[in-house]
file structure_10.cif (mmCIF, C-alpha atoms)
data_target
loop_
_atom_site.label_atom_id
_atom_site.label_comp_id
_atom_site.auth_asym_id
_atom_site.auth_seq_id
_atom_site.Cartn_x
_atom_site.Cartn_y
_atom_site.Cartn_z
CA ASP V 58 19.24 3.91 -5.87
CA ALA V 59 18.84 1.36 -3.10
CA GLY V 60 15.11 1.92 -2.71
CA VAL V 61 13.26 2.23 0.58
CA ILE V 62 15.05 0.22 3.24
CA GLN V 63 13.26 -1.18 6.24
CA SER V 64 14.55 -3.04 9.26
CA PRO V 65 14.10 -5.49 10.76
CA ARG V 66 12.44 -7.67 8.12
CA HIS V 67 11.05 -9.94 10.81
CA GLU V 68 10.48 -9.32 14.49
CA VAL V 69 9.06 -11.72 17.04
CA THR V 70 8.50 -10.33 20.49
CA GLU V 71 6.48 -10.92 23.59
CA MET V 72 3.48 -8.92 24.67
CA GLY V 73 4.49 -5.85 26.63
CA GLN V 74 7.84 -5.39 24.96
CA GLU V 75 8.85 -2.28 23.05
CA VAL V 76 9.19 -2.61 19.29
CA THR V 77 11.03 -0.17 17.04
CA LEU V 78 10.76 -0.37 13.27
CA ARG V 79 13.10 1.62 11.07
CA CYS V 80 12.90 3.12 7.64
CA LYS V 81 15.31 4.84 5.29
CA PRO V 82 13.43 6.57 2.45
CA ILE V 83 14.75 7.19 -1.03
CA SER V 84 17.03 10.20 -1.11
CA GLY V 85 15.25 13.30 -2.37
CA HIS V 86 11.77 12.11 -1.48
CA ASP V 87 9.93 14.65 0.65
CA TYR V 88 7.13 12.40 1.81
CA LEU V 89 7.30 9.34 4.01
CA PHE V 90 4.39 7.06 4.85
CA TRP V 91 3.88 4.28 7.37
CA TYR V 92 1.26 1.65 6.50
CA ARG V 93 0.12 -1.48 8.30
CA GLN V 94 -1.19 -4.55 6.47
CA THR V 95 -3.36 -7.28 7.98
CA MET V 96 -5.64 -9.85 6.43
CA MET V 97 -8.67 -8.39 8.14
CA ARG V 98 -8.16 -4.71 7.51
CA GLY V 99 -5.93 -4.65 4.44
CA LEU V 100 -3.39 -1.85 4.02
CA GLU V 101 -4.04 1.03 6.41
CA LEU V 102 -2.26 4.37 6.49
CA LEU V 103 -0.91 5.08 9.97
CA ILE V 104 0.92 8.37 9.57
CA TYR V 105 2.75 10.41 6.98
CA PHE V 106 5.45 13.07 7.05
CA ASN V 107 6.33 15.92 4.75
CA ASN V 108 9.85 17.32 5.06
CA ASN V 109 10.24 15.45 8.36
CA VAL V 110 7.08 16.99 9.86
CA PRO V 111 4.11 14.73 10.72
CA ILE V 112 1.14 15.85 8.63
CA ASP V 113 -1.57 13.36 9.50
CA ASP V 114 -1.40 10.80 12.29
CA SER V 115 -5.12 10.08 12.46
CA GLY V 116 -4.47 6.49 11.43
CA MET V 117 -2.29 5.72 14.43
CA PRO V 118 -4.31 3.17 16.43
CA GLU V 119 -3.64 4.49 19.90
CA ASP V 120 -1.11 6.14 22.16
CA ARG V 121 1.01 3.01 22.23
CA PHE V 122 2.10 3.90 18.70
CA SER V 123 4.48 6.74 17.96
CA ALA V 124 6.48 7.76 14.91
CA LYS V 125 9.37 10.12 14.42
CA MET V 126 11.40 11.45 11.56
CA PRO V 127 14.47 13.16 13.02
CA ASN V 128 15.98 13.82 9.59
CA ALA V 129 15.27 13.35 5.90
CA SER V 130 16.90 9.95 5.76
CA PHE V 131 15.46 8.16 8.76
CA SER V 132 12.15 7.40 10.42
CA THR V 133 11.04 5.13 13.22
CA LEU V 134 7.73 3.60 14.22
CA LYS V 135 7.60 2.56 17.85
CA ILE V 136 5.07 0.43 19.67
CA GLN V 137 5.22 0.47 23.46
CA PRO V 138 3.93 -1.73 24.96
CA SER V 139 3.23 -4.16 22.15
CA GLU V 140 0.12 -6.39 22.09
CA PRO V 141 -0.74 -9.51 20.05
CA ARG V 142 -3.24 -7.51 17.96
CA ASP V 143 -0.34 -5.40 16.70
CA SER V 144 0.92 -8.37 14.73
CA ALA V 145 1.01 -7.28 11.09
CA VAL V 146 3.32 -6.30 8.28
CA TYR V 147 4.40 -2.69 8.57
CA PHE V 148 5.38 -0.91 5.39
CA CYS V 149 7.26 2.29 4.89
CA ALA V 150 6.91 4.16 1.60
CA SER V 151 8.30 7.38 0.21
CA SER V 152 7.50 9.71 -2.67
CA ARG V 153 8.31 13.12 -4.07
CA SER V 154 4.79 14.32 -3.30
CA PRO V 155 1.60 12.82 -1.82
CA HIS V 156 0.79 11.35 -5.15
CA SER V 157 3.05 13.03 -7.80
CA THR V 158 3.15 10.61 -10.69
CA GLY V 159 1.20 8.16 -8.61
CA GLU V 160 4.19 6.20 -7.54
CA LEU V 161 4.78 5.46 -3.92
CA PHE V 162 7.96 3.47 -3.47
CA PHE V 163 7.48 0.78 -0.85
CA GLY V 164 9.98 -1.01 1.28
CA GLU V 165 9.90 -4.77 1.68
CA GLY V 166 8.04 -4.46 4.98
CA SER V 167 8.68 -5.48 8.57
CA ARG V 168 6.69 -8.51 9.66
CA LEU V 169 5.88 -8.18 13.36
CA THR V 170 4.63 -11.05 15.50
CA VAL V 171 3.67 -10.31 19.08
CA LEU V 172 3.22 -13.42 21.20
CA SER B 97 -13.33 9.17 4.23
CA GLN B 98 -12.45 7.38 1.04
CA GLU B 99 -13.52 3.73 0.89
CA LEU B 100 -12.47 1.34 -1.82
CA GLU B 101 -14.17 -1.98 -2.45
CA GLN B 102 -12.34 -4.57 -4.51
CA SER B 103 -13.88 -7.62 -6.12
CA PRO B 104 -13.37 -10.46 -6.15
CA GLN B 105 -11.43 -10.91 -2.92
CA SER B 106 -9.60 -13.85 -4.45
CA LEU B 107 -9.37 -15.45 -7.84
CA ILE B 108 -7.95 -18.67 -9.18
CA VAL B 109 -7.55 -18.88 -12.93
CA GLN B 110 -5.99 -21.32 -15.33
CA GLU B 111 -2.90 -20.17 -17.15
CA GLY B 112 -3.81 -18.52 -20.43
CA LYS B 113 -7.22 -17.30 -19.30
CA ASN B 114 -8.31 -13.69 -19.09
CA LEU B 115 -9.50 -12.09 -15.88
CA THR B 116 -10.88 -8.83 -14.52
CA ILE B 117 -10.56 -7.23 -11.10
CA ASN B 118 -12.81 -4.36 -10.06
CA CYS B 119 -12.34 -1.44 -7.71
CA THR B 120 -15.27 0.74 -6.65
CA SER B 121 -14.99 3.97 -4.73
CA SER B 122 -17.49 5.53 -2.36
CA LYS B 123 -16.43 8.97 -3.65
CA THR B 124 -15.41 10.55 -6.92
CA LEU B 125 -11.78 9.79 -7.55
CA TYR B 126 -9.08 12.37 -8.09
CA GLY B 127 -6.71 9.59 -9.04
CA LEU B 128 -6.84 5.81 -9.08
CA TYR B 129 -3.70 3.68 -8.75
CA TRP B 130 -3.03 0.01 -9.26
CA TYR B 131 -0.29 -1.81 -7.40
CA LYS B 132 0.85 -5.40 -7.35
CA GLN B 133 2.26 -7.18 -4.33
CA LYS B 134 4.07 -10.46 -4.54
CA TYR B 135 3.62 -12.61 -1.48
CA GLY B 136 5.96 -11.49 1.29
CA GLU B 137 7.17 -8.43 -0.58
CA GLY B 138 6.39 -4.75 -0.94
CA LEU B 139 4.05 -3.12 -3.42
CA ILE B 140 5.05 -2.36 -6.98
CA PHE B 141 3.34 0.44 -8.89
CA LEU B 142 1.56 -0.62 -12.07
CA MET B 143 -0.26 2.45 -13.36
CA MET B 144 -2.27 5.53 -12.50
CA LEU B 145 -5.53 6.80 -13.99
CA GLN B 146 -6.93 10.28 -13.56
CA LYS B 147 -9.30 11.12 -16.37
CA GLY B 148 -12.75 9.66 -16.75
CA GLY B 149 -12.71 7.06 -19.50
CA GLU B 150 -8.93 6.81 -19.40
CA GLU B 151 -7.36 3.47 -20.24
CA LYS B 152 -3.74 2.42 -19.83
CA SER B 153 -1.86 -0.75 -20.63
CA HIS B 154 1.34 -2.30 -19.40
CA GLU B 155 2.34 -5.51 -21.12
CA LYS B 156 -0.73 -7.73 -20.77
CA ILE B 157 -2.38 -5.67 -18.06
CA THR B 158 -4.96 -3.01 -18.93
CA ALA B 159 -6.69 -0.69 -16.50
CA LYS B 160 -9.62 1.59 -17.13
CA LEU B 161 -11.33 4.34 -15.14
CA ASP B 162 -15.02 4.79 -15.82
CA GLU B 163 -16.52 8.09 -16.98
CA LYS B 164 -17.92 8.95 -13.57
CA LYS B 165 -14.54 8.27 -11.97
CA GLN B 166 -15.89 6.01 -9.28
CA GLN B 167 -14.91 2.61 -10.61
CA SER B 168 -11.85 1.07 -12.19
CA SER B 169 -11.22 -2.32 -13.70
CA LEU B 170 -7.95 -4.17 -14.19
CA HIS B 171 -7.89 -6.72 -16.97
CA ILE B 172 -5.19 -9.32 -17.53
CA THR B 173 -5.04 -11.04 -20.89
CA ALA B 174 -3.66 -14.57 -21.24
CA SER B 175 -2.65 -14.87 -17.59
CA GLN B 176 0.69 -16.38 -16.64
CA PRO B 177 2.11 -17.66 -13.35
CA SER B 178 4.13 -14.43 -13.11
CA HIS B 179 0.85 -12.53 -12.75
CA ALA B 180 0.10 -14.23 -9.45
CA GLY B 181 0.04 -11.98 -6.39
CA ILE B 182 -2.16 -9.43 -4.67
CA TYR B 183 -3.54 -6.56 -6.71
CA LEU B 184 -4.45 -3.44 -4.77
CA CYS B 185 -6.19 -0.34 -5.93
CA GLY B 186 -5.37 2.93 -4.21
CA ALA B 187 -7.06 6.28 -4.48
CA VAL B 188 -6.80 9.92 -3.59
CA ASN B 189 -9.79 12.23 -3.55
CA SER B 190 -7.91 15.51 -3.73
CA GLY B 191 -4.56 16.79 -4.92
CA ASN B 192 -2.69 16.54 -1.66
CA THR B 193 -4.21 13.64 0.21
CA PRO B 194 -2.26 10.41 0.59
CA LEU B 195 -3.21 7.13 -0.96
CA VAL B 196 -5.73 4.89 0.71
CA PHE B 197 -6.02 1.32 -0.47
CA GLY B 198 -8.60 -1.36 -1.01
CA LYS B 199 -8.13 -4.71 0.71
CA GLY B 200 -6.71 -6.30 -2.41
CA THR B 201 -7.51 -9.20 -4.72
CA ARG B 202 -5.45 -12.36 -4.39
CA LEU B 203 -4.75 -13.88 -7.78
CA SER B 204 -3.48 -17.40 -8.28
CA VAL B 205 -2.64 -18.72 -11.74
CA ILE B 206 -2.49 -22.47 -12.12
CA ALA B 207 -0.93 -24.44 -14.93
#
call {"tool": "encode", "arguments": {"input": "structure_10.cif", "output": "structure tokens"}}
result
Amino acid sequence: DAGVIQSPRHEVTEMGQEVTLRCKPISGHDYLFWYRQTMMRGLELLIYFNNNVPIDDSGMPEDRFSAKMPNASFSTLKIQPSEPRDSAVYFCASSRSPHSTGELFFGEGSRLTVL
Amino acid sequence: SQELEQSPQSLIVQEGKNLTINCTSSKTLYGLYWYKQKYGEGLIFLMMLQKGGEEKSHEKITAKLDEKKQQSSLHITASQPSHAGIYLCGAVNSGNTPLVFGKGTRLSVIA
């Protein structure tokens, strides 16, 4: 299996621009998670989906952030408009259950820099 | 909400030395997970602990969950440069809640 695939790996944009991050989970995994990692706050859960339905989005910072999962093999995290404080590494992860055997499979991350 | 405190925040050890990383929870743990992250990469699962007093090993890495299920330790024996990275503990406090993570411990191993 190819693993969780994220794109882009790196994104540099200017404040106010729209940013879209993409994720392809592992086939057969029912759960998809979006995390954000910064030095100050560590790894924070933003939102997670079960069978394409958002279950908990309480970690989404504000209305500028939105996430969708139109089908089992694709999810997007959108930031509009972007701000410098959004600069972070955004990780997508998938699993067969919220914790199953304990293994979340992570993508390589998308490093976002907002100037 | 679940809060996880990791200590130390960073650690520099000489190759061949042993080390321990701790993870303390503000709540009783349903499950405790250890992940490793190499710089600039995603997280790799190491092991999961669920029972109080449980201990698991993977190569030279051993993790233990205390009896009260509120603290875990990760011990590396005879550290090597390949052990360098960020170690994160993650936890769930019920059967269907997603993982929340500590801020991680940055480990450097010098020759």
call {"tool": "closest_atom_pairs", "arguments": {"input": "structure_10.cif", "of": "chain V", "to": "chain B", "cutoff": "10 Å", "atoms": "all atoms listed in the file", "output": "JSON lines"}}
result
{"residue": "V:Val61", "atom": "CA", "partner": "B:Gly138", "partner_atom": "CA", "distance": 9.9}
{"residue": "V:Tyr88", "atom": "CA", "partner": "B:Pro194", "partner_atom": "CA", "distance": 9.7}
{"residue": "V:Phe90", "atom": "CA", "partner": "B:Pro194", "partner_atom": "CA", "distance": 8.6}
{"residue": "V:Tyr92", "atom": "CA", "partner": "B:Val196", "partner_atom": "CA", "distance": 9.6}
{"residue": "V:Gln94", "atom": "CA", "partner": "B:Lys199", "partner_atom": "CA", "distance": 9.0}
{"residue": "V:Thr95", "atom": "CA", "partner": "B:Lys199", "partner_atom": "CA", "distance": 9.1}
{"residue": "V:Met96", "atom": "CA", "partner": "B:Lys199", "partner_atom": "CA", "distance": 8.1}
{"residue": "V:Met97", "atom": "CA", "partner": "B:Lys199", "partner_atom": "CA", "distance": 8.3}
{"residue": "V:Arg98", "atom": "CA", "partner": "B:Lys199", "partner_atom": "CA", "distance": 6.8}
{"residue": "V:Gly99", "atom": "CA", "partner": "B:Lys199", "partner_atom": "CA", "distance": 4.3}
{"residue": "V:Leu100", "atom": "CA", "partner": "B:Phe197", "partner_atom": "CA", "distance": 6.1}
{"residue": "V:Glu101", "atom": "CA", "partner": "B:Val196", "partner_atom": "CA", "distance": 7.1}
{"residue": "V:Leu102", "atom": "CA", "partner": "B:Val196", "partner_atom": "CA", "distance": 6.8}
{"residue": "V:Ile104", "atom": "CA", "partner": "B:Pro194", "partner_atom": "CA", "distance": 9.7}
{"residue": "V:Tyr105", "atom": "CA", "partner": "B:Pro194", "partner_atom": "CA", "distance": 8.1}
{"residue": "V:Asp113", "atom": "CA", "partner": "B:Pro194", "partner_atom": "CA", "distance": 9.4}
{"residue": "V:Val146", "atom": "CA", "partner": "B:Gly136", "partner_atom": "CA", "distance": 9.1}
{"residue": "V:Tyr147", "atom": "CA", "partner": "B:Gly138", "partner_atom": "CA", "distance": 9.9}
{"residue": "V:Phe148", "atom": "CA", "partner": "B:Gly138", "partner_atom": "CA", "distance": 7.5}
{"residue": "V:Cys149", "atom": "CA", "partner": "B:Gly138", "partner_atom": "CA", "distance": 9.2}
{"residue": "V:Ala150", "atom": "CA", "partner": "B:Gly138", "partner_atom": "CA", "distance": 9.3}
{"residue": "V:Ser154", "atom": "CA", "partner": "B:Asn192", "partner_atom": "CA", "distance": 8.0}
{"residue": "V:Pro155", "atom": "CA", "partner": "B:Pro194", "partner_atom": "CA", "distance": 5.1}
{"residue": "V:His156", "atom": "CA", "partner": "B:Pro194", "partner_atom": "CA", "distance": 6.6}
{"residue": "V:Ser157", "atom": "CA", "partner": "B:Gly191", "partner_atom": "CA", "distance": 9.0}
{"residue": "V:Thr158", "atom": "CA", "partner": "B:Met144", "partner_atom": "CA", "distance": 7.6}
{"residue": "V:Gly159", "atom": "CA", "partner": "B:Met144", "partner_atom": "CA", "distance": 5.8}
{"residue": "V:Glu160", "atom": "CA", "partner": "B:Phe141", "partner_atom": "CA", "distance": 6.0}
{"residue": "V:Leu161", "atom": "CA", "partner": "B:Phe141", "partner_atom": "CA", "distance": 7.2}
{"residue": "V:Phe162", "atom": "CA", "partner": "B:Ile140", "partner_atom": "CA", "distance": 7.4}
{"residue": "V:Phe163", "atom": "CA", "partner": "B:Gly138", "partner_atom": "CA", "distance": 5.6}
{"residue": "V:Gly164", "atom": "CA", "partner": "B:Gly138", "partner_atom": "CA", "distance": 5.6}
{"residue": "V:Glu165", "atom": "CA", "partner": "B:Gly138", "partner_atom": "CA", "distance": 4.4}
{"residue": "V:Gly166", "atom": "CA", "partner": "B:Gly138", "partner_atom": "CA", "distance": 6.2}
{"residue": "V:Ser167", "atom": "CA", "partner": "B:Glu137", "partner_atom": "CA", "distance": 9.7}
{"residue": "V:Arg168", "atom": "CA", "partner": "B:Gly136", "partner_atom": "CA", "distance": 8.9}
call {"tool": "residues_around", "arguments": {"input": "structure_10.cif", "residues": "segment 97-106 of chain B", "least_positions_apart": "5", "cutoff": "7 Å", "atoms": "only C-alpha atoms", "output": "list in words"}}
result
Ile117, Asn118, Cys119, Thr120, Ser121, Ser122, Lys123, Phe197, Gly198, Lys199, Gly200, Thr201, Arg202 and Leu203 of chain B
call {"tool": "write_last_selection", "arguments": {"input": "structure_10.cif", "atoms": "C-alpha atoms", "output": "mmCIF file, in the coordinates of the input"}}
result
data_model
loop_
_atom_site.group_PDB
_atom_site.id
_atom_site.type_symbol
_atom_site.label_atom_id
_atom_site.label_comp_id
_atom_site.auth_asym_id
_atom_site.auth_seq_id
_atom_site.Cartn_x
_atom_site.Cartn_y
_atom_site.Cartn_z
ATOM 1 C CA ILE B 117 -10.560 -7.230 -11.100
ATOM 2 C CA ASN B 118 -12.810 -4.360 -10.060
ATOM 3 C CA CYS B 119 -12.340 -1.440 -7.710
ATOM 4 C CA THR B 120 -15.270 0.740 -6.650
ATOM 5 C CA SER B 121 -14.990 3.970 -4.730
ATOM 6 C CA SER B 122 -17.490 5.530 -2.360
ATOM 7 C CA LYS B 123 -16.430 8.970 -3.650
ATOM 8 C CA PHE B 197 -6.020 1.320 -0.470
ATOM 9 C CA GLY B 198 -8.600 -1.360 -1.010
ATOM 10 C CA LYS B 199 -8.130 -4.710 0.710
ATOM 11 C CA GLY B 200 -6.710 -6.300 -2.410
ATOM 12 C CA THR B 201 -7.510 -9.200 -4.720
ATOM 13 C CA ARG B 202 -5.450 -12.360 -4.390
ATOM 14 C CA LEU B 203 -4.750 -13.880 -7.780
#
call {"tool": "closest_residue", "arguments": {"input": "structure_10.cif", "among": "V:His67, V:Arg153, V:His86, V:Arg93", "to": "Asn128 of chain V", "atoms": "only C-alpha atoms"}}
result
V:His86
call {"tool": "atom_distance", "arguments": {"input": "structure_10.cif", "atom1": "atom CA of Ile206 of chain B", "atom2": "atom CA of Arg66 of chain V"}}
result
29.2 Å
call {"tool": "atom_distance", "arguments": {"input": "structure_10.cif", "atom1": "atom CA of Gln133 of chain B", "atom2": "atom CA of Ile182 of chain B"}}
result
5.0 Å
call {"tool": "resolve_selection", "arguments": {"input": "structure_10.cif", "expression": "the PyMOL selection byres ((chain V and resi 139) around 8)", "output": "PyMOL selection string"}}
result
chain V and resi 71-76+121+136-138+140-141+143+171
call {"tool": "atom_distance", "arguments": {"input": "structure_10.cif", "atom1": "atom CA of Asn114 of chain B", "atom2": "atom CA of Glu155 of chain B"}}
result
13.6 Å
call {"tool": "closest_residue", "arguments": {"input": "structure_10.cif", "among": "B:Thr124, B:Asn189, B:Lys132, B:Lys113", "to": "Asp162 of chain B", "atoms": "only C-alpha atoms"}}
result
B:Thr124
call {"tool": "residues_near_point", "arguments": {"input": "structure_10.cif", "point": "(6.7, -14.6, 14.0)", "cutoff": "9 Å", "atoms": "all atoms listed in the file", "output": "PDB file with C-alpha atoms, in the coordinates of the input"}}
result
ATOM      1  CA  HIS V  67      11.050  -9.940  10.810  1.00  0.00           C
ATOM      2  CA  GLU V  68      10.480  -9.320  14.490  1.00  0.00           C
ATOM      3  CA  VAL V  69       9.060 -11.720  17.040  1.00  0.00           C
ATOM      4  CA  THR V  70       8.500 -10.330  20.490  1.00  0.00           C
ATOM      5  CA  SER V 144       0.920  -8.370  14.730  1.00  0.00           C
ATOM      6  CA  ARG V 168       6.690  -8.510   9.660  1.00  0.00           C
ATOM      7  CA  LEU V 169       5.880  -8.180  13.360  1.00  0.00           C
ATOM      8  CA  THR V 170       4.630 -11.050  15.500  1.00  0.00           C
ATOM      9  CA  VAL V 171       3.670 -10.310  19.080  1.00  0.00           C
ATOM     10  CA  LEU V 172       3.220 -13.420  21.200  1.00  0.00           C
TER      11      LEU V 172
END
call {"tool": "closest_residue", "arguments": {"input": "structure_10.cif", "among": "B:Val205, B:Gln167, B:Lys152, B:Lys147", "to": "Val109 of chain B", "atoms": "all atoms listed in the file"}}
result
B:Val205
